[in-house]
$ cat final_9.txt   # compact mmCIF, C-alpha atoms
# COMPACT_ATOMS: atom_id res chain seq x y z
CA MET A 1239 -14.81 10.96 -6.47
CA THR A 1240 -16.99 10.02 -9.46
CA ARG A 1241 -16.38 6.57 -10.88
CA THR A 1242 -16.69 5.82 -14.55
CA ARG A 1243 -17.87 2.24 -14.02
CA ASP A 1244 -20.12 0.68 -11.40
CA GLN A 1245 -17.81 -2.15 -10.35
CA ASP A 1246 -14.14 -2.18 -9.57
CA ALA A 1247 -11.67 -4.73 -10.87
CA CYS A 1248 -10.64 -5.99 -7.43
CA PRO A 1249 -9.78 -9.67 -7.92
CA GLY A 1250 -10.73 -12.73 -5.94
CA ALA A 1251 -10.13 -16.43 -6.22
CA LEU A 1252 -12.76 -16.73 -8.96
CA THR A 1253 -12.81 -13.23 -10.47
CA VAL A 1254 -9.15 -12.93 -11.43
CA HIS A 1255 -7.17 -9.95 -12.68
CA GLN A 1256 -5.07 -10.34 -15.81
CA ALA A 1257 -1.77 -8.66 -14.94
CA ALA A 1258 1.29 -8.37 -17.16
CA ASP A 1259 2.66 -11.61 -15.71
CA GLY A 1260 -0.59 -13.54 -15.99
CA ALA A 1261 -3.71 -14.13 -13.92
CA LEU A 1262 -3.70 -12.85 -10.35
CA VAL A 1263 -5.74 -14.67 -7.70
CA ARG A 1264 -6.50 -13.08 -4.31
CA ILE A 1265 -7.55 -15.26 -1.40
CA ARG A 1266 -9.45 -13.44 1.32
CA LEU A 1267 -8.73 -14.45 4.90
CA PRO A 1268 -11.20 -12.87 7.35
CA GLY A 1269 -9.17 -11.64 10.29
CA GLY A 1270 -6.07 -12.89 8.47
CA VAL A 1271 -6.60 -16.35 9.95
CA ILE A 1272 -5.28 -19.39 8.11
CA THR A 1273 -4.61 -22.92 9.36
CA ALA A 1274 -1.41 -24.84 8.80
CA ALA A 1275 -3.18 -27.22 6.42
CA GLN A 1276 -4.56 -24.30 4.42
CA MET A 1277 -1.12 -22.71 4.22
CA THR A 1278 0.20 -25.97 2.78
CA ALA A 1279 -2.60 -25.98 0.21
CA LEU A 1280 -1.81 -22.39 -0.77
CA ALA A 1281 1.87 -23.12 -1.16
CA GLU A 1282 1.11 -26.16 -3.31
CA ALA A 1283 -1.31 -24.15 -5.47
CA ALA A 1284 1.33 -21.46 -5.98
CA GLU A 1285 3.95 -24.03 -6.93
CA GLN A 1286 1.69 -25.99 -9.28
CA PHE A 1287 -0.34 -23.25 -10.96
CA GLY A 1288 1.50 -19.94 -10.55
CA SER A 1289 4.43 -18.09 -9.02
CA PRO A 1290 5.86 -19.54 -5.80
CA ALA A 1291 6.40 -15.95 -4.61
CA MET A 1292 3.07 -15.36 -2.88
CA GLU A 1293 2.16 -11.81 -1.87
CA LEU A 1294 0.69 -10.64 1.42
CA THR A 1295 -1.60 -7.63 1.09
CA SER A 1296 -2.42 -4.64 3.28
CA ARG A 1297 -5.77 -6.21 4.13
CA GLY A 1298 -4.36 -9.40 5.57
CA ASN A 1299 -4.96 -11.44 2.42
CA ILE A 1300 -2.70 -13.57 0.22
CA GLN A 1301 -2.46 -13.52 -3.54
CA ILE A 1302 -0.82 -15.70 -6.14
CA ARG A 1303 0.50 -14.26 -9.38
CA ALA A 1304 1.06 -15.72 -12.85
CA VAL A 1305 -1.62 -18.38 -12.43
CA THR A 1306 -1.75 -20.62 -15.50
CA ASP A 1307 -4.81 -22.69 -14.62
CA THR A 1308 -7.32 -20.56 -12.70
CA GLY A 1309 -9.93 -23.33 -12.58
CA ALA A 1310 -7.56 -25.83 -11.03
CA ALA A 1311 -6.29 -23.22 -8.57
CA ALA A 1312 -9.85 -22.35 -7.52
CA SER A 1313 -10.68 -26.03 -7.02
CA ALA A 1314 -7.61 -26.52 -4.83
CA LEU A 1315 -8.51 -23.48 -2.74
CA ALA A 1316 -12.11 -24.60 -2.33
CA GLU A 1317 -11.01 -28.07 -1.24
CA ALA A 1318 -8.83 -26.45 1.43
CA GLY A 1319 -11.77 -24.44 2.77
CA LEU A 1320 -10.39 -21.14 1.48
CA LEU A 1321 -13.34 -20.52 -0.83
CA PRO A 1322 -16.46 -21.09 1.33
CA SER A 1323 -18.75 -18.97 -0.86
CA ALA A 1324 -18.59 -18.60 -4.61
CA THR A 1325 -21.02 -15.66 -4.53
CA HIS A 1326 -19.51 -13.71 -1.61
CA GLU A 1327 -15.80 -14.50 -1.84
CA ARG A 1328 -14.80 -10.92 -2.76
CA ALA A 1329 -17.00 -9.44 0.00
CA ARG A 1330 -15.19 -11.20 2.87
CA ASN A 1331 -12.90 -8.25 3.64
CA ILE A 1332 -12.50 -8.31 7.43
CA VAL A 1333 -9.42 -6.93 9.16
CA ALA A 1334 -9.05 -7.58 12.89
CA SER A 1335 -6.47 -7.01 15.62
CA PRO A 1336 -4.06 -9.87 14.86
CA LEU A 1337 -3.00 -10.65 18.43
CA SER A 1338 -6.50 -10.46 19.88
CA GLY A 1339 -7.26 -13.09 22.50
CA ARG A 1340 -3.61 -13.97 22.85
CA ALA A 1341 -1.81 -10.82 24.01
CA GLY A 1342 -3.11 -7.35 24.86
CA GLY A 1343 -6.41 -5.79 23.90
CA VAL A 1344 -9.62 -5.13 25.81
CA VAL A 1345 -11.58 -8.10 24.49
CA ASP A 1346 -11.08 -11.16 22.27
CA ILE A 1347 -12.60 -10.27 18.89
CA ARG A 1348 -11.97 -13.66 17.24
CA PRO A 1349 -15.55 -14.89 17.75
CA LEU A 1350 -16.81 -11.68 16.13
CA VAL A 1351 -14.65 -12.30 13.06
CA THR A 1352 -16.26 -15.70 12.57
CA GLU A 1353 -19.76 -14.38 13.23
CA LEU A 1354 -19.37 -11.44 10.85
CA ASP A 1355 -17.92 -13.63 8.10
CA ARG A 1356 -20.85 -16.04 8.36
CA ALA A 1357 -23.36 -13.18 8.36
CA ILE A 1358 -21.83 -11.68 5.20
CA GLN A 1359 -22.01 -15.00 3.38
CA ALA A 1360 -25.60 -15.59 4.52
CA ASP A 1361 -26.90 -12.27 3.16
CA PRO A 1362 -27.63 -12.37 -0.62
CA ALA A 1363 -27.55 -8.57 -0.84
CA LEU A 1364 -23.96 -8.41 0.37
CA ALA A 1365 -22.77 -10.30 -2.69
CA GLY A 1366 -23.11 -6.87 -4.30
CA LEU A 1367 -20.49 -5.24 -2.09
CA PRO A 1368 -17.56 -3.91 -4.13
CA GLY A 1369 -14.35 -5.83 -3.60
CA ARG A 1370 -12.74 -2.80 -1.97
CA PHE A 1371 -15.33 -2.37 0.79
CA TRP A 1372 -13.91 -3.65 4.05
CA PHE A 1373 -14.68 -4.08 7.74
CA SER A 1374 -12.45 -3.61 10.78
CA LEU A 1375 -12.71 -5.14 14.25
CA ASP A 1376 -10.36 -3.52 16.78
CA ASP A 1377 -10.03 -5.15 20.20
CA GLY A 1378 -9.33 -1.80 21.86
CA ARG A 1379 -5.59 -1.52 21.34
CA GLY A 1380 -6.05 0.78 18.33
CA ASP A 1381 -3.99 -1.20 15.83
CA VAL A 1382 -6.57 -1.54 13.05
CA SER A 1383 -8.96 1.36 13.70
CA GLY A 1384 -6.43 3.64 12.04
CA ILE A 1385 -6.60 1.85 8.68
CA ASP A 1386 -9.82 3.70 7.77
CA ALA A 1387 -11.91 0.68 6.86
CA ASP A 1388 -15.38 1.46 5.54
CA ALA A 1389 -17.28 0.11 8.55
CA GLY A 1390 -15.81 -1.05 11.81
CA VAL A 1391 -15.99 -1.21 15.57
CA HIS A 1392 -13.54 -0.34 18.32
CA ALA A 1393 -13.80 -2.02 21.73
CA LEU A 1394 -14.04 0.38 24.67
CA ASP A 1395 -13.08 -0.10 28.29
CA ASP A 1396 -16.70 0.11 29.47
CA GLY A 1397 -17.69 -2.98 27.48
CA THR A 1398 -19.38 -1.14 24.63
CA TRP A 1399 -18.19 -0.73 21.06
CA ALA A 1400 -17.68 2.48 19.11
CA LEU A 1401 -19.08 2.29 15.58
CA LEU A 1402 -16.69 3.65 12.95
CA LEU A 1403 -17.31 4.77 9.39
CA ALA A 1404 -14.22 5.38 7.24
CA GLY A 1405 -12.09 5.17 10.38
CA ARG A 1406 -13.98 7.90 12.23
CA ASP A 1407 -16.03 7.46 15.40
CA THR A 1408 -19.70 8.05 14.60
CA GLY A 1409 -20.71 8.55 18.24
CA VAL A 1410 -22.88 5.42 18.06
CA ARG A 1411 -22.27 2.94 20.88
CA LEU A 1412 -23.12 -0.74 20.52
CA ASP A 1413 -23.44 -3.73 22.78
CA ALA A 1414 -21.46 -6.78 21.72
CA ALA A 1415 -24.64 -8.58 20.69
CA ASP A 1416 -25.45 -5.82 18.19
CA VAL A 1417 -22.07 -5.47 16.47
CA VAL A 1418 -22.48 -7.94 13.61
CA GLN A 1419 -26.08 -7.00 12.89
CA THR A 1420 -25.17 -3.30 12.76
CA LEU A 1421 -22.17 -3.78 10.49
CA THR A 1422 -24.10 -5.92 8.02
CA GLN A 1423 -27.01 -3.45 8.14
CA ILE A 1424 -24.66 -0.61 7.19
CA ALA A 1425 -23.17 -2.72 4.40
CA ARG A 1426 -26.65 -3.46 3.00
CA ARG A 1427 -27.54 0.21 3.04
CA PHE A 1428 -24.31 1.01 1.25
CA VAL A 1429 -25.18 -1.50 -1.49
CA GLU A 1430 -28.59 0.15 -1.85
CA ILE A 1431 -27.39 3.76 -2.15
CA ARG A 1432 -23.84 3.53 -3.44
CA GLY A 1433 -24.49 4.17 -7.13
CA LYS A 1434 -20.99 3.91 -8.59
CA SER A 1435 -19.19 4.46 -5.28
CA TRP A 1436 -16.84 1.71 -4.17
CA ARG A 1437 -16.03 3.10 -0.72
CA ILE A 1438 -17.99 4.94 1.95
CA THR A 1439 -15.70 7.95 1.57
CA GLU A 1440 -17.01 8.38 -1.97
CA LEU A 1441 -20.61 8.88 -0.89
CA ALA A 1442 -21.91 12.45 -0.98
CA ASP A 1443 -23.65 11.85 2.36
CA HIS A 1444 -22.65 8.80 4.34
CA THR A 1445 -24.77 9.83 7.35
CA ARG A 1446 -27.66 8.06 5.62
CA LEU A 1447 -25.98 4.82 6.62
CA LEU A 1448 -26.68 5.66 10.28
CA ASP A 1449 -30.45 6.04 9.97
CA GLY A 1450 -32.13 4.51 13.01
CA LEU A 1451 -28.94 4.36 15.08
CA ALA A 1452 -28.74 6.51 18.21
CA VAL A 1453 -25.73 8.78 18.66
CA SER A 1454 -24.86 8.81 22.35
CA ALA A 1455 -21.25 10.02 22.45
CA PRO A 1456 -19.09 12.70 20.83
CA ALA A 1457 -18.34 11.89 17.20
CA GLY A 1458 -15.28 12.50 15.05
CA ALA A 1459 -12.46 10.75 16.91
CA THR A 1460 -9.87 8.94 14.81
CA TRP A 1461 -6.94 6.64 15.57
CA PRO A 1462 -3.39 7.04 14.27
CA PRO A 1463 -2.35 4.42 11.73
CA THR A 1464 -0.11 1.62 12.91
CA MET A 1465 2.88 1.34 10.60
CA LYS A 1466 4.97 -1.47 12.04
CA PRO A 1467 3.81 -5.05 12.63
CA PRO A 1468 4.28 -7.04 15.83
CA VAL A 1469 7.68 -8.66 15.30
CA GLY A 1470 9.73 -11.09 17.34
CA TRP A 1471 9.03 -13.23 20.38
CA ILE A 1472 5.60 -12.36 21.84
CA GLU A 1473 4.50 -13.91 25.12
CA GLN A 1474 0.87 -15.02 25.03
CA ARG A 1475 -1.31 -14.88 28.11
CA ASP A 1476 -1.55 -18.69 28.08
CA SER A 1477 2.27 -19.01 28.47
CA ARG A 1478 2.70 -20.07 24.86
CA VAL A 1479 4.44 -17.90 22.27
CA ALA A 1480 3.48 -16.01 19.14
CA LEU A 1481 6.29 -15.40 16.67
CA GLY A 1482 5.88 -12.19 14.69
CA ALA A 1483 7.64 -12.30 11.32
CA ALA A 1484 8.01 -9.48 8.85
CA LEU A 1485 8.45 -10.45 5.22
CA PRO A 1486 10.63 -8.26 2.98
CA LEU A 1487 8.25 -6.41 0.63
CA GLY A 1488 5.46 -8.75 1.75
CA ILE A 1489 6.69 -11.72 -0.29
CA LEU A 1490 6.13 -15.19 1.14
CA GLN A 1491 7.93 -17.88 -0.79
CA ALA A 1492 6.10 -21.19 -1.05
CA ARG A 1493 9.12 -23.00 0.38
CA ALA A 1494 8.96 -20.86 3.53
CA ALA A 1495 5.20 -21.41 3.70
CA HIS A 1496 5.76 -25.15 3.88
CA PHE A 1497 8.09 -24.70 6.85
CA LEU A 1498 5.55 -22.43 8.56
CA ALA A 1499 2.84 -25.03 8.08
CA ALA A 1500 5.10 -27.74 9.50
CA ILE A 1501 4.92 -26.05 12.93
CA GLU A 1502 1.24 -27.09 12.91
CA THR A 1503 -0.10 -24.09 14.82
CA PRO A 1504 -2.50 -21.31 13.74
CA LEU A 1505 -1.20 -18.55 11.48
CA VAL A 1506 -2.42 -14.96 11.16
CA ILE A 1507 -1.65 -12.67 8.21
CA THR A 1508 -1.53 -9.06 9.40
CA PRO A 1509 -2.51 -5.82 7.61
CA TRP A 1510 1.20 -4.89 7.57
CA ARG A 1511 2.16 -7.68 5.17
CA SER A 1512 3.63 -9.75 7.97
CA LEU A 1513 2.48 -12.87 9.78
CA LEU A 1514 2.12 -14.38 13.22
CA VAL A 1515 2.84 -17.99 14.11
CA CYS A 1516 0.55 -18.42 17.12
CA ASP A 1517 0.13 -20.79 20.08
CA VAL A 1518 3.66 -22.17 19.81
CA PRO A 1519 5.08 -24.03 22.84
CA GLU A 1520 8.17 -22.22 24.13
CA GLY A 1521 10.58 -25.01 23.24
CA THR A 1522 9.21 -25.32 19.73
CA ALA A 1523 9.32 -21.55 19.25
CA ASP A 1524 13.07 -21.40 19.74
CA THR A 1525 13.60 -24.12 17.13
CA ALA A 1526 11.15 -22.43 14.75
CA LEU A 1527 13.08 -19.16 14.94
CA ARG A 1528 16.30 -20.91 14.03
CA VAL A 1529 14.67 -22.56 11.01
CA LEU A 1530 12.59 -19.65 9.72
CA ALA A 1531 15.11 -16.81 9.98
CA PRO A 1532 17.46 -18.27 7.32
CA LEU A 1533 14.44 -18.53 4.99
CA GLY A 1534 14.16 -14.74 4.93
CA LEU A 1535 11.58 -14.12 7.65
CA VAL A 1536 12.49 -11.10 9.77
CA PHE A 1537 12.12 -11.30 13.56
CA ASP A 1538 14.12 -8.15 14.42
CA GLU A 1539 11.82 -5.21 15.25
CA ASN A 1540 14.67 -2.83 14.34
CA SER A 1541 15.23 -4.29 10.88
CA PRO A 1542 15.30 -1.68 8.09
CA TRP A 1543 12.91 -3.93 6.15
CA LEU A 1544 10.10 -2.68 8.39
CA GLY A 1545 10.56 0.79 6.92
CA ILE A 1546 10.42 -0.21 3.24
CA SER A 1547 7.52 -1.27 1.03
CA ALA A 1548 6.71 -1.31 -2.67
CA CYS A 1549 4.01 -1.99 -5.20
CA THR A 1550 4.44 -4.87 -7.62
CA GLY A 1551 6.26 -2.85 -10.27
CA SER A 1552 7.83 -4.32 -13.39
CA PRO A 1553 7.57 -6.91 -14.80
CA GLY A 1554 4.34 -7.87 -13.03
CA CYS A 1555 2.54 -4.59 -13.73
CA ALA A 1556 2.51 -3.24 -17.28
CA LYS A 1557 1.97 0.33 -16.07
CA SER A 1558 5.11 0.43 -13.94
CA ALA A 1559 8.08 2.51 -15.05
CA ALA A 1560 10.62 0.49 -13.06
CA ASP A 1561 11.40 -2.67 -11.15
CA VAL A 1562 10.48 -0.97 -7.90
CA ARG A 1563 11.03 -4.04 -5.75
CA ALA A 1564 14.64 -4.25 -6.86
CA ASP A 1565 15.11 -0.55 -6.14
CA ALA A 1566 13.39 -0.86 -2.75
CA THR A 1567 15.68 -3.77 -1.90
CA ARG A 1568 18.74 -1.64 -2.66
CA ALA A 1569 17.29 1.18 -0.53
CA VAL A 1570 17.33 -1.06 2.54
CA ASP A 1571 21.09 -0.44 2.74
CA ASP A 1572 20.36 3.29 3.14
CA PRO A 1573 17.89 3.38 6.08
CA SER A 1574 15.58 6.33 6.64
CA GLU A 1575 13.65 7.51 9.68
CA VAL A 1576 10.58 7.83 7.43
CA HIS A 1577 8.78 4.86 5.94
CA ARG A 1578 9.42 4.76 2.17
CA HIS A 1579 7.04 3.22 -0.33
CA PHE A 1580 8.30 2.72 -3.89
CA VAL A 1581 5.73 2.75 -6.69
CA GLY A 1582 5.94 2.35 -10.45
CA CYS A 1583 3.35 4.92 -11.53
CA GLU A 1584 1.03 7.72 -10.39
CA ARG A 1585 -1.58 5.31 -9.06
CA ALA A 1586 0.74 4.66 -6.12
CA CYS A 1587 -0.80 1.27 -5.34
CA GLY A 1588 -0.43 0.01 -1.78
CA SER A 1589 0.73 3.34 -0.37
CA PRO A 1590 0.64 3.49 3.44
CA PRO A 1591 -1.27 6.32 5.16
CA VAL A 1592 1.91 8.00 6.39
CA GLY A 1593 5.48 8.14 5.14
CA GLU A 1594 7.13 8.99 1.85
CA VAL A 1595 5.76 7.72 -1.46
CA LEU A 1596 8.39 7.61 -4.22
CA ILE A 1597 7.15 7.42 -7.81
CA ALA A 1598 9.35 5.92 -10.53
CA THR A 1599 10.06 8.13 -13.54
CA ALA A 1600 12.44 7.99 -16.49
CA ASP A 1601 14.84 10.10 -14.42
CA GLY A 1602 14.63 8.19 -11.17
CA TYR A 1603 12.19 8.61 -8.28
CA ARG A 1604 10.31 11.70 -7.17
CA PRO A 1605 8.18 12.24 -4.06
CA SER A 1606 4.45 12.14 -4.60
CA ALA A 1607 2.87 15.52 -3.88
CA ARG A 1608 -0.57 13.91 -3.98
CA ALA A 1609 0.49 11.34 -1.43
CA ARG A 1610 1.86 14.03 0.91
CA GLU A 1611 -1.43 15.89 0.82
CA GLU A 1612 -3.37 12.74 1.56
CA GLN A 1613 -1.05 11.85 4.42
CA LYS A 1614 -1.96 15.10 6.19
CA ASP A 1615 -5.41 13.80 7.00
CA SER A 1616 -4.38 10.12 7.13
CA SER A 1617 -6.83 9.16 4.41
CA ALA A 1618 -6.91 5.48 3.57
CA ARG A 1619 -5.04 3.95 0.70
CA GLU A 1620 -6.21 1.09 -1.45
CA GLU A 1621 -4.79 -2.39 -1.28
CA GLN A 1622 -1.67 -3.02 -3.34
CA ILE A 1623 -0.70 -4.92 -6.33
CA GLY A 1624 -0.89 -3.71 -9.89
CA LEU A 1625 -4.65 -3.44 -10.27
CA PRO A 1626 -6.48 -1.32 -12.86
CA PRO A 1627 -6.76 2.32 -11.75
CA PRO A 1628 -9.91 3.36 -9.89

$ encode --input "final_9.txt" --output "structure tokens"
Amino acid sequence: MTRTRDQDACPGALTVHQAADGALVRIRLPGGVITAAQMTALAEAAEQFGSPAMELTSRGNIQIRAVTDTGAAASALAEAGLLPSATHERARNIVASPLSGRAGGVVDIRPLVTELDRAIQADPALAGLPGRFWFSLDDGRGDVSGIDADAGVHALDDGTWALLLAGRDTGVRLDAADVVQTLTQIARRFVEIRGKSWRITELADHTRLLDGLAVSAPAGATWPPTMKPPVGWIEQRDSRVALGAALPLGILQARAAHFLAAIETPLVITPWRSLLVCDVPEGTADTALRVLAPLGLVFDENSPWLGISACTGSPGCAKSAADVRADATRAVDDPSEVHRHFVGCERACGSPPVGEVLIATADGYRPSARAREEQKDSSAREEQIGLPPP
């Protein structure tokens, strides 16, 4: 794909996007990790400076809409430790297996998330990464390797790591000590050769990114995309509990965020617009479920909400032909075996890699032929939320 401009309009906490309902601020959370205190700060920022209906994104981030004072919001976020680098804040796109180190997986990738985030911020060249370039760290269970991130690794049973480009195994095998250096090296090379490309898939020849790396295994393997988040009561290996909560259409109300923070345990935002309340003592977990469920958090893995998603739609996005969230909400009463994603225009923002994409028109909704073709090869979709078209 040939771009008409050399930078995308992907927002951050400092570089905001002016949507139909006001300024949109996106807070990047490497690995989706956020502390209870930071969640409180986010909820307060949303209540004071924007819409209390915060949005979770398909990259494990959180955004606040209708921000009236972007400077004050940025200051509040920085004070909470959510803006550690003014120059690299849009480059900190790291998705990781959300339950890693607590339940399942081959290895705990949490230390790698921290190491990679620090390495990105320490490299001046990586400030030039487009806001849509992202990294994936899969602990071997295969939950995030199928999201087709630009550069990633997948833990293998033999202790090595498979290097992925655009979600495809390159055949390069890495030791743990080389993972962060290799990923940042690839990102630097991308900055050098990208031209107007925003993603690795847009390069005419992405094999140039592998110069100097030895291919020692068959290349080309891919992983199927994970569509449903971990939901419900999840036993951790340390005998504590993680509570997996889906959020209808990925909306986290500030009031609910305050209750989540009151549990005072770590939180993880997942790439499926859901969240995990981690390290909860068993007795506390039962009480938390009783409090959080009435606030709209979904703990039932069979809930029809897990099969419905939507872009922002009207009135937040000026390009939308309908209030798609309202229509998606009504569609929950008519469950489908296929995941349905409702969108307000042809851009089909936030579309998942598989399922049915329904585009709003003056005469109702029609299936997206373009989306069906893209689903055949599981090509990646861009993050949601009423952004300018690529």

$ residues_around --input "final_9.txt" --residues "A:Leu1421" --least-positions-apart "6" --cutoff "9 Å" --atoms "all atoms listed in the file" --output "list in words"
Leu1354, Phe1373, Ala1389, Gly1390, Val1391 and Leu1401 of chain A

$ residues_around --input "final_9.txt" --residues "stretch 1273-1279 of chain A" --least-positions-apart "2" --cutoff "9 Å" --atoms "all atoms listed in the file" --output "list in words"
Val1271, Ala1281, Glu1282, Ala1283, Ala1284, Ala1314, Leu1315, Glu1317, Ala1318, Gly1319, Leu1320, Ala1492, Ala1495, His1496, Phe1497, Leu1498, Ala1499, Ala1500, Ile1501, Glu1502, Thr1503, Pro1504, Leu1505 and Val1506 of chain A

$ atom_distance --input "final_9.txt" --atom1 "atom CA of A:Met1465" --atom2 "atom CA of A:Ala1483"
14.5 Å

$ closest_residue --input "final_9.txt" --among "A:Gly1366, A:Gly1482, A:Gly1470, A:Pro1532" --to "A:Ala1494" --atoms "all atoms listed in the file"
A:Pro1532

$ axis_aligned_box --input "final_9.txt" --around "stretch 1368-1378 of chain A" --padding-each-side "4 Å" --output "lines of an AutoDock Vina configuration file"
center_x = -13.4
center_y = -3.8
center_z = 8.9
size_x = 16.2
size_y = 12.0
size_z = 34.0

$ closest_residue --input "final_9.txt" --among "A:Asp1307, A:Asp1377, A:Glu1430, A:Glu1520" --to "A:His1392" --atoms "only C-alpha atoms"
A:Asp1377

$ atom_distance --input "final_9.txt" --atom1 "atom CA of A:Ile1424" --atom2 "atom CA of A:Leu1447"
5.6 Å

$ residues_around --input "final_9.txt" --residues "A:Trp1543" --least-positions-apart "6" --cutoff "9 Å" --atoms "only C-alpha atoms" --output "PyMOL selection string"
chain A and resi 1484-1487+1536+1567+1570+1573

$ residues_around --input "final_9.txt" --residues "A:Ser1335" --least-positions-apart "3" --cutoff "10 Å" --atoms "only C-alpha atoms" --output "VMD selection string"
chain A and resid 1269 to 1270 1338 to 1339 1342 to 1343 1346 to 1348 1374 to 1383 1506 1508 to 1509

$ closest_residue --input "final_9.txt" --among "A:Leu1530, A:Ala1257, A:Val1469, A:Val1581" --to "A:Thr1599" --atoms "only C-alpha atoms"
A:Val1581

$ atom_distance --input "final_9.txt" --atom1 "atom CA of A:Gln1359" --atom2 "atom CA of A:Ala1311"
21.4 Å

$ closest_residue --input "final_9.txt" --among "A:Asp1601, A:Leu1490, A:Leu1596, A:Leu1262" --to "A:Leu1294" --atoms "only C-alpha atoms"
A:Leu1490

$ residues_around --input "final_9.txt" --residues "stretch 1289-1291 of chain A" --least-positions-apart "4" --cutoff "7 Å" --atoms "all atoms listed in the file" --output "list in words"
Ala1284, Glu1285, Ile1302, Arg1303, Ala1304, Val1305, Ile1489, Leu1490, Gln1491 and Ala1492 of chain A

$ closest_residue --input "final_9.txt" --among "A:Arg1568, A:Val1562, A:Arg1264, A:Arg1446" --to "A:Ile1431" --atoms "all atoms listed in the file"
A:Arg1446

$ residues_near_point --input "final_9.txt" --point "(8.1, 9.0, -12.3)" --cutoff "12 Å" --atoms "all atoms listed in the file" --output "PyMOL selection string"
chain A and resi 1557-1560+1562+1580-1586+1595-1607

$ closest_residue --input "final_9.txt" --among "A:Ala1457, A:Leu1267, A:Ala1548, A:Ala1261" --to "A:Val1410" --atoms "all atoms listed in the file"
A:Ala1457

$ build_atoms --input "final_9.txt" --residues "stretch 1587-1592 of chain A" --atoms "all heavy atoms" --output "PDB file, in the coordinates of the input"
ATOM      1  N   CYS A1587      -0.103   2.390  -5.969  1.00  0.00           N
ATOM      2  CA  CYS A1587      -0.800   1.270  -5.340  1.00  0.00           C
ATOM      3  C   CYS A1587      -0.110   0.850  -4.038  1.00  0.00           C
ATOM      4  O   CYS A1587       1.111   0.807  -3.952  1.00  0.00           O
ATOM      5  CB  CYS A1587      -0.844   0.077  -6.283  1.00  0.00           C
ATOM      6  SG  CYS A1587      -1.890   0.329  -7.724  1.00  0.00           S
ATOM      7  N   GLY A1588      -0.935   0.530  -3.043  1.00  0.00           N
ATOM      8  CA  GLY A1588      -0.430   0.010  -1.780  1.00  0.00           C
ATOM      9  C   GLY A1588       0.217   1.030  -0.877  1.00  0.00           C
ATOM     10  O   GLY A1588       0.833   0.655   0.124  1.00  0.00           O
ATOM     11  N   SER A1589       0.069   2.318  -1.178  1.00  0.00           N
ATOM     12  CA  SER A1589       0.730   3.340  -0.370  1.00  0.00           C
ATOM     13  C   SER A1589       0.199   3.355   1.055  1.00  0.00           C
ATOM     14  O   SER A1589      -1.013   3.324   1.257  1.00  0.00           O
ATOM     15  CB  SER A1589       0.552   4.716  -0.995  1.00  0.00           C
ATOM     16  OG  SER A1589       1.187   4.788  -2.244  1.00  0.00           O
ATOM     17  N   PRO A1590       1.075   3.422   2.044  1.00  0.00           N
ATOM     18  CA  PRO A1590       0.640   3.490   3.440  1.00  0.00           C
ATOM     19  C   PRO A1590       0.084   4.875   3.752  1.00  0.00           C
ATOM     20  O   PRO A1590       0.321   5.836   3.004  1.00  0.00           O
ATOM     21  CB  PRO A1590       1.925   3.217   4.216  1.00  0.00           C
ATOM     22  CG  PRO A1590       3.015   3.697   3.308  1.00  0.00           C
ATOM     23  CD  PRO A1590       2.543   3.399   1.919  1.00  0.00           C
ATOM     24  N   PRO A1591      -0.647   5.023   4.843  1.00  0.00           N
ATOM     25  CA  PRO A1591      -1.270   6.320   5.160  1.00  0.00           C
ATOM     26  C   PRO A1591      -0.292   7.393   5.577  1.00  0.00           C
ATOM     27  O   PRO A1591      -0.612   8.583   5.517  1.00  0.00           O
ATOM     28  CB  PRO A1591      -2.237   5.968   6.303  1.00  0.00           C
ATOM     29  CG  PRO A1591      -1.683   4.723   6.905  1.00  0.00           C
ATOM     30  CD  PRO A1591      -1.052   3.973   5.782  1.00  0.00           C
ATOM     31  N   VAL A1592       0.893   7.018   6.045  1.00  0.00           N
ATOM     32  CA  VAL A1592       1.910   8.000   6.390  1.00  0.00           C
ATOM     33  C   VAL A1592       3.250   7.538   5.812  1.00  0.00           C
ATOM     34  O   VAL A1592       3.426   6.368   5.498  1.00  0.00           O
ATOM     35  CB  VAL A1592       2.035   8.201   7.915  1.00  0.00           C
ATOM     36  CG1 VAL A1592       0.770   8.796   8.493  1.00  0.00           C
ATOM     37  CG2 VAL A1592       2.371   6.889   8.609  1.00  0.00           C
TER      38      VAL A1592
END
